[in-house]
Amino acid sequence: MKVSVNWLREYVSFELPATAELVERIGAQLGAVEEVIDVGTKYVGAVVVKVAECEKLENSDHLNLCFVDDDGVTQNVNRREDGLVQVVCGAPNVKAGLMVVWLPPGVTVPSTYDHDPFVLEARELRGTVSNGMLASPKELALGDSHEGLLLLDGDVTPGTSLTEAYKLDDHIIDIENKMFTHRPDCFGQLGVAREVAGIFGQQFTSPKWYATPGAITAGDGLSLTVKNEVSKDVPRFMAVALKNVTIAPSPVWLQTQLSRVGVRPINNVVDVTNYIMLLTGQPLHAYDYDKVAGLSGGDGAAIVVRYPAADEQIELLSGKTIKPRQEAIMIATDKQAIGLGGVMGGGNTEVDQNTKNIIVECASFDMYSIRRTSMAHGLFTDAVTRFNKGQSPLQNPAVLSQAVTMLQELAQAEVAGEVTDDNHAPSEQPSVKVDADFVNQRLGLTLSTTDMATLLSNVEFTVEHDEQSLTAQAPFWRTDIEIREDIVEEVGRLYGFDKLPLELPKRDITPAPQDPLLQQKSKIRGSLAKAGANEVLTYSFVHGNLLDKVGQPRDKAFKLSNALSPDLQYYRFHALPSLLDKVHPNSKAGHDTFALFELSKGHDTTAMNGDAPAEIEYVDFVYASKTVRADAAFYQARRYLDALAYDLGVSLSYAPITKDLPLPAAAAYDQARSALVSVANGGPLLGIVGEFKPGVTKQLKLPKYCAGFTVDQTELLTASSATTSRYHELPRFPKVEQDICLKVASTVLFGELHGVVTQTLTDNKPENTTFTVSPLDIYQREEDPEHRQITFRVGLASFERTLTDQEMTGLLQRVADKAAETCKAERI
């Protein structure tokens, strides 16, 4: 955003400080300054002169010999006796009596100043000395025209420096655009002037035409109809027709004012729309009325605001032809498009030298729609820069009224009909009530409500206040004041954040309690990593094909409407499918045996927390090995789960799956080779451990030796929180170990027999002893399929003495007797 210091001076009521101080205050309280440009340096030495005499140069068909009057101010130049200076000029519009710009010898041509400076000198042209040159707009960097001299207004006097005559002794402060993302009013010189007054503690008063605009007096002569079919994206659309317009170059003061802030002058109509945009931040657009009428279906001109028709294309002012995106805002007649709303006008209705009648548009567009259209088509204009910040539609009447006034003055335009105002915007900005304590507590200040009201009133807020609180209503051009915190920010910025006290806030030093779930996750990671497993982090979103491969129903998963990519369509139930999807790539990479785990959140459509999906905390684990092994993979996964449970202080029990589980989390497991995992002694269900279905193994190319588990972290946390420390002193005496093999019917479950063995040892072990029970093997003879043999290794140790084999033998006999009684077991 380029801000002209001289332009600011026109609207503030106090003397601005030196540029350096002004830049510092703007950087601290308004926005980051990227650059400060001294405009006047390129115009040093340029002088306003009057062409006193002009005649054709001999031996030339286009050059003229001119004598110019600079009132004698230029030094070190040859003059005629009457003080006039000789200059040879080839401009076709030069003649006696004109006021023009003279660049004397020794002066740099302004258009070359920034890249390859060209310094003029007195030199001969066709045998005649020319002292410098008379300048065109292009040579003065005030436009693109090189066909003739820049003709100055009649109210300037010869000998005046160009910088003084047209305020070119200016500094341009370039403020970073993103600093004003939420402040569309600051994309106009008027808005910045108001903020500058505010940060210097001065009252600002907007021009009367802006603060209290008068109505445009209706005229007649041109028919204009407007139809807004997309009021959601175009909350306000104003337009007026003007007739008998004279297209001509703008006055020099306007050309210089536009050029200073980087806008190229074109003609008086276009320049007025650009001037008003730069002043207020509200873009305008002018259409050639007769061209619009020629493209309309009936008498007069018809404008329709709509979305694009199928396969519609439009050629823009830039010459680029586009096919607008489906939801772009189109300005059209009742027959065809004539502009891309809020972005750029169409080439078929451009104002040119032959234009006699115009339509001036002042509209408000949805900033998100403008941003999407701009990005979709790579169109970045001054209008886009402002419209995609959300201009206030409440300023449109003032802006349009001032534009019409200037066109009447500079282009002799006449209002040729009534103003059309299709308005769907709120009539005023909301009021916000805030307590003084609320503001002071957040800023660390002790401002009174009177102090706050003064700061806000300086930038034209309407404020009512008492000793405790104030109610502030933002002016109609502000769109960023909605909540109390907005008032806090406004007061702090206008007061000066650099003035806030540097005091640390008082805090309670009591340590914050640790999150039990986070602590448990850390323990889980440590336990599984200690056991040799590797934690992975995968996307929470998966492709629907992966859900199909593991047998999980897509209809119970949440589908993303704005997926990051086609491979991330669904929110997964839990992390197991992602882990299984990583097994084959790791095996292919040469890892023969490995274990993976992930802690994740799961969601499905059957579990809701009010209107929001419930979050279920899971820990998923997969063990895979390409090595052929004699034991079942189930026991390898269970070994990891048992180690995890031991580290968390939780005792587990396992039970066969006797009926199909409807849970999506269990879909990948082969229920005949899996078990339900619960907290021991009738505790809650935690999850499932087991091997995977043959179909899953085939689809995901898993090795045959592969198993895993899925458990609920929340239930695991509840169980671990209820247990006490599992620390046990280690016996100092040697342990006695013996094996016991029990033959049972095939229908007897391992877990049932293991429970009998463990409970019997607990009930009959000697005092002050500890024992361990480890399964060695499960064997079934081919000739006896109705029985199987289960072998346990039992270790027994005392804290007081060395045990004998006889004590162990007697204890195992009691185990065998109890197993025979309970499970019909036979000791082998």
# chains A, B, ... in the order shown; residues from 1 in each chain; ligands from 1
>>> residues_around(residues="stretch 437-441 of chain A", least_positions_apart="2", cutoff="9 Å", atoms="only C-alpha atoms", output="CSV table (one decimal) with N, CA, C and O atoms, in the first residue's frame")
chain,number,residue,atom,x,y,z
A,434,VAL,N,-18.0,-2.6,26.5
A,434,VAL,CA,-16.9,-3.2,27.2
A,434,VAL,C,-16.6,-2.4,28.5
A,434,VAL,O,-16.8,-1.2,28.5
A,435,ASP,N,-16.2,-3.2,29.5
A,435,ASP,CA,-15.9,-2.6,30.8
A,435,ASP,C,-14.4,-2.0,30.7
A,435,ASP,O,-13.6,-2.7,30.0
A,443,LEU,N,-4.3,-5.0,28.8
A,443,LEU,CA,-3.2,-4.1,28.4
A,443,LEU,C,-2.3,-3.8,29.5
A,443,LEU,O,-1.2,-3.2,29.2
A,444,GLY,N,-2.6,-4.0,30.7
A,444,GLY,CA,-1.8,-3.7,31.8
A,444,GLY,C,-1.8,-2.2,32.1
A,444,GLY,O,-0.8,-1.6,32.6
A,445,LEU,N,-2.9,-1.5,31.8
A,445,LEU,CA,-2.9,-0.1,31.9
A,445,LEU,C,-4.0,0.3,33.0
A,445,LEU,O,-4.7,-0.5,33.5
A,446,THR,N,-4.1,1.6,33.2
A,446,THR,CA,-5.1,2.2,34.1
A,446,THR,C,-5.8,3.3,33.5
A,446,THR,O,-6.1,4.3,34.1
A,447,LEU,N,-6.2,3.1,32.2
A,447,LEU,CA,-6.9,4.2,31.5
A,447,LEU,C,-8.3,4.3,32.0
A,447,LEU,O,-9.0,3.3,32.3
A,448,SER,N,-8.8,5.5,32.0
A,448,SER,CA,-10.2,5.7,32.4
A,448,SER,C,-11.0,5.6,31.1
A,448,SER,O,-10.5,5.5,30.0
A,468,GLN,N,-17.5,3.2,34.5
A,468,GLN,CA,-17.1,1.8,34.5
A,468,GLN,C,-17.0,1.2,33.1
A,468,GLN,O,-16.2,0.3,32.9
A,469,SER,N,-17.8,1.7,32.2
A,469,SER,CA,-17.8,1.0,30.9
A,469,SER,C,-18.1,2.0,29.7
A,469,SER,O,-18.4,3.2,30.0
A,484,ARG,N,-15.5,-7.5,22.1
A,484,ARG,CA,-14.8,-6.7,23.1
A,484,ARG,C,-13.3,-6.6,22.8
A,484,ARG,O,-12.6,-5.6,23.0
A,485,GLU,N,-12.7,-7.8,22.4
A,485,GLU,CA,-11.3,-7.8,22.1
A,485,GLU,C,-10.9,-6.9,21.0
A,485,GLU,O,-9.7,-6.4,21.0
A,487,ILE,N,-12.1,-3.9,20.6
A,487,ILE,CA,-11.9,-2.6,21.2
A,487,ILE,C,-10.6,-2.6,22.0
A,487,ILE,O,-9.9,-1.6,22.0
A,488,VAL,N,-10.2,-3.7,22.7
A,488,VAL,CA,-9.0,-3.8,23.4
A,488,VAL,C,-7.8,-3.5,22.4
A,488,VAL,O,-6.9,-2.7,22.7
A,489,GLU,N,-7.8,-4.2,21.3
A,489,GLU,CA,-6.8,-4.0,20.3
A,489,GLU,C,-6.7,-2.6,19.8
A,489,GLU,O,-5.6,-2.0,19.6
A,491,VAL,N,-7.8,0.2,21.3
A,491,VAL,CA,-7.3,1.1,22.3
A,491,VAL,C,-5.8,1.0,22.5
A,491,VAL,O,-5.0,1.9,22.5
A,492,GLY,N,-5.3,-0.3,22.5
A,492,GLY,CA,-3.9,-0.5,22.7
A,492,GLY,C,-3.0,0.0,21.5
A,492,GLY,O,-2.0,0.6,21.8
>>> select_by_dssp(residues="stretch 161-358 of chain A", states="strand (DSSP E or B)", output="PyMOL selection string")
chain A and resi 161+171-175+224-228+236-243+285-288+301-306+314-316+321-322+330-332+337-340+344-346+358
>>> closest_residue(among="A:Ser259, A:Met452, A:Thr420, A:Glu409", to="A:Lys227", atoms="only C-alpha atoms")
A:Thr420
>>> residues_around(residues="stretch 537-546 of chain A", least_positions_apart="2", cutoff="9 Å", atoms="only C-alpha atoms", output="CSV table (one decimal) with C-alpha atoms, in the first residue's frame")
chain,number,residue,atom,x,y,z
A,535,GLU,CA,6.6,-46.4,16.6
A,548,ASP,CA,-12.1,-52.6,1.9
A,549,LYS,CA,-8.9,-54.7,2.1
A,550,VAL,CA,-9.2,-55.0,5.9
A,551,GLY,CA,-12.9,-55.6,5.8
A,552,GLN,CA,-14.0,-52.4,7.5
A,554,ARG,CA,-16.9,-47.5,4.4
A,559,LYS,CA,-15.9,-39.4,4.5
A,560,LEU,CA,-14.0,-36.1,3.8
A,563,ALA,CA,-9.9,-34.4,0.9
A,566,PRO,CA,-7.6,-38.8,-3.6
A,567,ASP,CA,-5.7,-41.2,-1.4
A,568,LEU,CA,-7.0,-39.6,1.8
A,569,GLN,CA,-10.8,-39.9,1.5
A,570,TYR,CA,-11.9,-41.4,4.8
A,571,TYR,CA,-11.1,-40.8,8.5
A,572,ARG,CA,-9.9,-44.2,9.7
A,573,PHE,CA,-11.5,-46.2,12.5
A,574,HIS,CA,-8.1,-46.8,14.1
A,575,ALA,CA,-4.4,-47.1,13.0
A,577,PRO,CA,-5.1,-50.6,8.6
A,578,SER,CA,-2.3,-48.0,8.2
A,579,LEU,CA,0.1,-50.3,10.1
A,581,ASP,CA,-0.3,-51.2,4.8
A,597,PHE,CA,2.9,-49.7,16.7
A,598,GLU,CA,1.0,-46.4,16.7
A,599,LEU,CA,-1.1,-44.4,19.2
A,600,SER,CA,-4.0,-42.8,17.5
A,601,LYS,CA,-7.5,-41.5,17.7
A,602,GLY,CA,-10.4,-43.4,16.1
A,700,LEU,CA,-2.0,-56.6,1.8
>>> closest_atom_pairs(of="stretch 220-306 of chain A", to="stretch 389-394 of chain A", cutoff="9 Å", atoms="only C-alpha atoms", output="tab-separated table")
residue	atom	partner	partner_atom	distance
A:Pro235	CA	A:Pro393	CA	7.5
A:Arg236	CA	A:Pro393	CA	6.2
A:Phe237	CA	A:Pro393	CA	8.8
A:Gly281	CA	A:Gln391	CA	7.6
A:Gln282	CA	A:Gln391	CA	6.7
>>> closest_residue(among="A:Pro664, A:Gly40, A:Gly219, A:Pro684", to="A:Tyr113", atoms="only C-alpha atoms")
A:Gly40
>>> select_by_dssp(residues="stretch 165-343 of chain A", states="alpha helix (DSSP H)", output="PyMOL selection string")
chain A and resi 165+189-199+208-211+252-260+268-280+289-294
>>> residues_around(residues="A:Ala719", least_positions_apart="2", cutoff="9 Å", atoms="only C-alpha atoms", output="list in words")
Leu648, Gly649, Val650, Ser651, Val679, Gly683, Pro684, Thr714, Glu715, Leu716, Leu717, Ser721, Ala722 and Thr723 of chain A
>>> write_last_selection(atoms="C-alpha atoms", output="PDB file, in the first residue's frame")
ATOM      1  CA  LEU A 648       1.485 -50.456  33.199  1.00  0.00           C
ATOM      2  CA  GLY A 649       0.606 -52.525  36.266  1.00  0.00           C
ATOM      3  CA  VAL A 650      -2.439 -54.162  34.693  1.00  0.00           C
ATOM      4  CA  SER A 651      -3.371 -57.851  34.869  1.00  0.00           C
ATOM      5  CA  VAL A 679      -8.810 -56.558  32.634  1.00  0.00           C
ATOM      6  CA  GLY A 683     -12.690 -56.021  34.429  1.00  0.00           C
ATOM      7  CA  PRO A 684     -13.794 -54.139  31.295  1.00  0.00           C
ATOM      8  CA  THR A 714      -8.862 -44.999  27.893  1.00  0.00           C
ATOM      9  CA  GLU A 715      -9.909 -48.288  29.513  1.00  0.00           C
ATOM     10  CA  LEU A 716      -6.254 -49.215  29.903  1.00  0.00           C
ATOM     11  CA  LEU A 717      -5.673 -45.926  31.726  1.00  0.00           C
ATOM     12  CA  SER A 721      -4.773 -46.002  37.629  1.00  0.00           C
ATOM     13  CA  ALA A 722      -6.535 -48.466  39.939  1.00  0.00           C
ATOM     14  CA  THR A 723      -3.436 -50.616  40.541  1.00  0.00           C
TER      15      THR A 723
END
>>> closest_atom_pairs(of="stretch 261-302 of chain A", to="stretch 325-346 of chain A", cutoff="7 Å", atoms="only C-alpha atoms", output="Markdown table")
| residue | atom | partner | partner_atom | distance |
| --- | --- | --- | --- | --- |
| A:Val292 | CA | A:Thr333 | CA | 7.0 |
| A:Leu295 | CA | A:Thr333 | CA | 6.6 |
| A:Ser296 | CA | A:Thr333 | CA | 5.3 |
| A:Gly297 | CA | A:Asp334 | CA | 6.2 |
| A:Ala302 | CA | A:Thr333 | CA | 5.2 |
>>> write_last_selection(atoms="N, CA and C atoms", output="PDB file, in the first residue's frame")
ATOM      1  N   VAL A 292     -22.464  -0.867 -24.002  1.00  0.00           N
ATOM      2  CA  VAL A 292     -23.314  -1.734 -23.191  1.00  0.00           C
ATOM      3  C   VAL A 292     -24.707  -1.837 -23.804  1.00  0.00           C
ATOM      4  N   LEU A 295     -24.895  -4.102 -26.709  1.00  0.00           N
ATOM      5  CA  LEU A 295     -24.828  -5.527 -26.371  1.00  0.00           C
ATOM      6  C   LEU A 295     -26.048  -5.983 -25.592  1.00  0.00           C
ATOM      7  N   SER A 296     -27.003  -5.076 -25.332  1.00  0.00           N
ATOM      8  CA  SER A 296     -28.217  -5.416 -24.590  1.00  0.00           C
ATOM      9  C   SER A 296     -29.332  -5.750 -25.561  1.00  0.00           C
ATOM     10  N   GLY A 297     -30.343  -6.427 -25.035  1.00  0.00           N
ATOM     11  CA  GLY A 297     -31.413  -6.922 -25.898  1.00  0.00           C
ATOM     12  C   GLY A 297     -32.508  -5.921 -26.188  1.00  0.00           C
ATOM     13  N   ALA A 302     -28.778  -2.586 -20.259  1.00  0.00           N
ATOM     14  CA  ALA A 302     -29.225  -3.498 -19.200  1.00  0.00           C
ATOM     15  C   ALA A 302     -28.012  -4.173 -18.588  1.00  0.00           C
TER      16      ALA A 302
END
>>> residues_around(residues="A:Ile199", least_positions_apart="3", cutoff="8 Å", atoms="only C-alpha atoms", output="VMD selection string")
chain A and resid 25 29 195 to 196 202 493 to 496
>>> residues_around(residues="stretch 145-157 of chain A", least_positions_apart="6", cutoff="8 Å", atoms="only C-alpha atoms", output="PDB file with all heavy atoms, in the first residue's frame")
ATOM      1  N   VAL A  48       8.805  24.983 -14.581  1.00  0.00           N
ATOM      2  CA  VAL A  48       7.637  25.396 -15.357  1.00  0.00           C
ATOM      3  C   VAL A  48       8.024  26.610 -16.195  1.00  0.00           C
ATOM      4  O   VAL A  48       8.575  27.593 -15.661  1.00  0.00           O
ATOM      5  CB  VAL A  48       6.454  25.744 -14.436  1.00  0.00           C
ATOM      6  CG1 VAL A  48       5.290  26.307 -15.262  1.00  0.00           C
ATOM      7  CG2 VAL A  48       6.021  24.517 -13.649  1.00  0.00           C
ATOM      8  N   VAL A  49       7.784  26.561 -17.509  1.00  0.00           N
ATOM      9  CA  VAL A  49       8.120  27.682 -18.383  1.00  0.00           C
ATOM     10  C   VAL A  49       6.948  27.990 -19.313  1.00  0.00           C
ATOM     11  O   VAL A  49       6.061  27.156 -19.513  1.00  0.00           O
ATOM     12  CB  VAL A  49       9.381  27.382 -19.238  1.00  0.00           C
ATOM     13  CG1 VAL A  49      10.592  27.189 -18.367  1.00  0.00           C
ATOM     14  CG2 VAL A  49       9.153  26.175 -20.149  1.00  0.00           C
ATOM     15  N   ALA A  91       7.973  18.292 -30.615  1.00  0.00           N
ATOM     16  CA  ALA A  91       6.613  17.890 -30.259  1.00  0.00           C
ATOM     17  C   ALA A  91       5.605  18.533 -31.196  1.00  0.00           C
ATOM     18  O   ALA A  91       5.704  19.740 -31.485  1.00  0.00           O
ATOM     19  CB  ALA A  91       6.306  18.292 -28.829  1.00  0.00           C
ATOM     20  N   PRO A  92       4.637  17.784 -31.697  1.00  0.00           N
ATOM     21  CA  PRO A  92       3.673  18.349 -32.648  1.00  0.00           C
ATOM     22  C   PRO A  92       2.733  19.369 -32.022  1.00  0.00           C
ATOM     23  O   PRO A  92       2.133  20.167 -32.740  1.00  0.00           O
ATOM     24  CB  PRO A  92       2.905  17.123 -33.137  1.00  0.00           C
ATOM     25  CG  PRO A  92       3.047  16.118 -32.051  1.00  0.00           C
ATOM     26  CD  PRO A  92       4.404  16.347 -31.460  1.00  0.00           C
ATOM     27  N   ASN A  93       2.579  19.337 -30.674  1.00  0.00           N
ATOM     28  CA  ASN A  93       1.607  20.259 -30.066  1.00  0.00           C
ATOM     29  C   ASN A  93       2.247  21.511 -29.482  1.00  0.00           C
ATOM     30  O   ASN A  93       1.585  22.286 -28.788  1.00  0.00           O
ATOM     31  CB  ASN A  93       0.808  19.538 -28.983  1.00  0.00           C
ATOM     32  CG  ASN A  93       1.685  19.057 -27.830  1.00  0.00           C
ATOM     33  OD1 ASN A  93       2.899  18.921 -27.985  1.00  0.00           O
ATOM     34  ND2 ASN A  93       1.064  18.773 -26.691  1.00  0.00           N
ATOM     35  N   VAL A  94       3.545  21.742 -29.737  1.00  0.00           N
ATOM     36  CA  VAL A  94       4.195  22.926 -29.190  1.00  0.00           C
ATOM     37  C   VAL A  94       3.759  24.166 -29.968  1.00  0.00           C
ATOM     38  O   VAL A  94       3.620  24.144 -31.193  1.00  0.00           O
ATOM     39  CB  VAL A  94       5.736  22.769 -29.222  1.00  0.00           C
ATOM     40  CG1 VAL A  94       6.269  22.703 -30.638  1.00  0.00           C
ATOM     41  CG2 VAL A  94       6.403  23.900 -28.434  1.00  0.00           C
ATOM     42  N   LEU A  98       1.982  28.357 -24.570  1.00  0.00           N
ATOM     43  CA  LEU A  98       1.750  27.170 -23.724  1.00  0.00           C
ATOM     44  C   LEU A  98       2.605  27.218 -22.466  1.00  0.00           C
ATOM     45  O   LEU A  98       3.717  27.755 -22.457  1.00  0.00           O
ATOM     46  CB  LEU A  98       2.090  25.888 -24.503  1.00  0.00           C
ATOM     47  CG  LEU A  98       1.234  25.553 -25.715  1.00  0.00           C
ATOM     48  CD1 LEU A  98       1.725  24.256 -26.360  1.00  0.00           C
ATOM     49  CD2 LEU A  98      -0.237  25.410 -25.310  1.00  0.00           C
ATOM     50  N   MET A  99       2.053  26.631 -21.405  1.00  0.00           N
ATOM     51  CA  MET A  99       2.816  26.409 -20.182  1.00  0.00           C
ATOM     52  C   MET A  99       3.266  24.950 -20.205  1.00  0.00           C
ATOM     53  O   MET A  99       2.444  24.032 -20.260  1.00  0.00           O
ATOM     54  CB  MET A  99       1.962  26.682 -18.951  1.00  0.00           C
ATOM     55  CG  MET A  99       1.424  28.109 -18.873  1.00  0.00           C
ATOM     56  SD  MET A  99       2.709  29.352 -18.677  1.00  0.00           S
ATOM     57  CE  MET A  99       3.282  28.966 -17.039  1.00  0.00           C
ATOM     58  N   VAL A 100       4.602  24.736 -20.152  1.00  0.00           N
ATOM     59  CA  VAL A 100       5.151  23.386 -20.288  1.00  0.00           C
ATOM     60  C   VAL A 100       6.264  23.187 -19.264  1.00  0.00           C
ATOM     61  O   VAL A 100       6.599  24.109 -18.498  1.00  0.00           O
ATOM     62  CB  VAL A 100       5.688  23.148 -21.716  1.00  0.00           C
ATOM     63  CG1 VAL A 100       4.561  23.194 -22.741  1.00  0.00           C
ATOM     64  CG2 VAL A 100       6.782  24.155 -22.058  1.00  0.00           C
ATOM     65  N   VAL A 101       6.854  21.995 -19.268  1.00  0.00           N
ATOM     66  CA  VAL A 101       7.963  21.682 -18.360  1.00  0.00           C
ATOM     67  C   VAL A 101       9.254  21.695 -19.162  1.00  0.00           C
ATOM     68  O   VAL A 101       9.373  21.028 -20.207  1.00  0.00           O
ATOM     69  CB  VAL A 101       7.762  20.303 -17.700  1.00  0.00           C
ATOM     70  CG1 VAL A 101       8.946  19.986 -16.786  1.00  0.00           C
ATOM     71  CG2 VAL A 101       6.459  20.268 -16.924  1.00  0.00           C
ATOM     72  N   LEU A 134      12.066  20.335 -23.834  1.00  0.00           N
ATOM     73  CA  LEU A 134      10.716  20.435 -23.294  1.00  0.00           C
ATOM     74  C   LEU A 134      10.161  19.017 -23.208  1.00  0.00           C
ATOM     75  O   LEU A 134      10.329  18.213 -24.133  1.00  0.00           O
ATOM     76  CB  LEU A 134       9.848  21.313 -24.199  1.00  0.00           C
ATOM     77  CG  LEU A 134      10.386  22.718 -24.463  1.00  0.00           C
ATOM     78  CD1 LEU A 134       9.414  23.506 -25.341  1.00  0.00           C
ATOM     79  CD2 LEU A 134      10.639  23.460 -23.151  1.00  0.00           C
ATOM     80  N   ALA A 135       9.489  18.665 -22.090  1.00  0.00           N
ATOM     81  CA  ALA A 135       9.229  17.256 -21.752  1.00  0.00           C
ATOM     82  C   ALA A 135       7.793  16.828 -22.010  1.00  0.00           C
ATOM     83  O   ALA A 135       6.837  17.596 -21.819  1.00  0.00           O
ATOM     84  CB  ALA A 135       9.581  17.009 -20.286  1.00  0.00           C
ATOM     85  N   SER A 136       7.680  15.581 -22.416  1.00  0.00           N
ATOM     86  CA  SER A 136       6.385  14.914 -22.577  1.00  0.00           C
ATOM     87  C   SER A 136       6.030  14.192 -21.279  1.00  0.00           C
ATOM     88  O   SER A 136       6.883  14.029 -20.389  1.00  0.00           O
ATOM     89  CB  SER A 136       6.460  13.901 -23.719  1.00  0.00           C
ATOM     90  OG  SER A 136       7.290  12.806 -23.345  1.00  0.00           O
ATOM     91  N   PRO A 137       4.784  13.709 -21.138  1.00  0.00           N
ATOM     92  CA  PRO A 137       4.422  12.957 -19.928  1.00  0.00           C
ATOM     93  C   PRO A 137       5.303  11.735 -19.708  1.00  0.00           C
ATOM     94  O   PRO A 137       5.672  11.427 -18.565  1.00  0.00           O
ATOM     95  CB  PRO A 137       2.961  12.556 -20.191  1.00  0.00           C
ATOM     96  CG  PRO A 137       2.442  13.628 -21.097  1.00  0.00           C
ATOM     97  CD  PRO A 137       3.601  13.987 -21.984  1.00  0.00           C
ATOM     98  N   LYS A 138       5.683  11.042 -20.786  1.00  0.00           N
ATOM     99  CA  LYS A 138       6.493   9.842 -20.627  1.00  0.00           C
ATOM    100  C   LYS A 138       7.870  10.192 -20.099  1.00  0.00           C
ATOM    101  O   LYS A 138       8.413   9.504 -19.225  1.00  0.00           O
ATOM    102  CB  LYS A 138       6.602   9.108 -21.954  1.00  0.00           C
ATOM    103  CG  LYS A 138       7.329   7.776 -21.855  1.00  0.00           C
ATOM    104  CD  LYS A 138       7.250   6.987 -23.146  1.00  0.00           C
ATOM    105  CE  LYS A 138       7.916   5.619 -22.989  1.00  0.00           C
ATOM    106  NZ  LYS A 138       7.804   4.821 -24.238  1.00  0.00           N
ATOM    107  N   GLU A 139       8.473  11.254 -20.617  1.00  0.00           N
ATOM    108  CA  GLU A 139       9.807  11.649 -20.162  1.00  0.00           C
ATOM    109  C   GLU A 139       9.791  12.127 -18.714  1.00  0.00           C
ATOM    110  O   GLU A 139      10.802  12.044 -18.009  1.00  0.00           O
ATOM    111  CB  GLU A 139      10.347  12.737 -21.087  1.00  0.00           C
ATOM    112  CG  GLU A 139      10.708  12.188 -22.469  1.00  0.00           C
ATOM    113  CD  GLU A 139      10.625  13.235 -23.568  1.00  0.00           C
ATOM    114  OE1 GLU A 139      10.068  14.325 -23.306  1.00  0.00           O
ATOM    115  OE2 GLU A 139      11.100  12.965 -24.673  1.00  0.00           O
ATOM    116  N   ALA A 165       5.070  23.176  -7.899  1.00  0.00           N
ATOM    117  CA  ALA A 165       3.797  23.443  -8.571  1.00  0.00           C
ATOM    118  C   ALA A 165       2.802  22.310  -8.378  1.00  0.00           C
ATOM    119  O   ALA A 165       1.588  22.550  -8.253  1.00  0.00           O
ATOM    120  CB  ALA A 165       4.050  23.684 -10.067  1.00  0.00           C
ATOM    121  N   PRO A 251      -6.368  16.724 -15.640  1.00  0.00           N
ATOM    122  CA  PRO A 251      -5.522  17.850 -15.222  1.00  0.00           C
ATOM    123  C   PRO A 251      -4.192  17.332 -14.685  1.00  0.00           C
ATOM    124  O   PRO A 251      -4.107  16.216 -14.159  1.00  0.00           O
ATOM    125  CB  PRO A 251      -6.344  18.520 -14.127  1.00  0.00           C
ATOM    126  CG  PRO A 251      -7.743  18.050 -14.338  1.00  0.00           C
ATOM    127  CD  PRO A 251      -7.665  16.700 -14.941  1.00  0.00           C
ATOM    128  N   VAL A 252      -3.175  18.141 -14.818  1.00  0.00           N
ATOM    129  CA  VAL A 252      -1.842  17.695 -14.416  1.00  0.00           C
ATOM    130  C   VAL A 252      -1.794  17.354 -12.934  1.00  0.00           C
ATOM    131  O   VAL A 252      -1.116  16.411 -12.520  1.00  0.00           O
ATOM    132  CB  VAL A 252      -0.795  18.768 -14.770  1.00  0.00           C
ATOM    133  CG1 VAL A 252       0.597  18.339 -14.301  1.00  0.00           C
ATOM    134  CG2 VAL A 252      -0.791  19.011 -16.275  1.00  0.00           C
TER     135      VAL A 252
END
>>> atom_distance(atom1="atom CA of A:Gly201", atom2="atom CA of A:Gly31")
17.1 Å
>>> closest_residue(among="A:Val757, A:Val794, A:Val107, A:Ala218", to="A:Lys818", atoms="only C-alpha atoms")
A:Val757
>>> residues_around(residues="stretch 273-279 of chain A", least_positions_apart="5", cutoff="6 Å", atoms="only C-alpha atoms", output="NGL selection string")
:A and (188-190 or 284)
>>> closest_residue(among="A:Leu224, A:Ile790, A:Leu663, A:Val263", to="A:Gly687", atoms="only C-alpha atoms")
A:Leu663
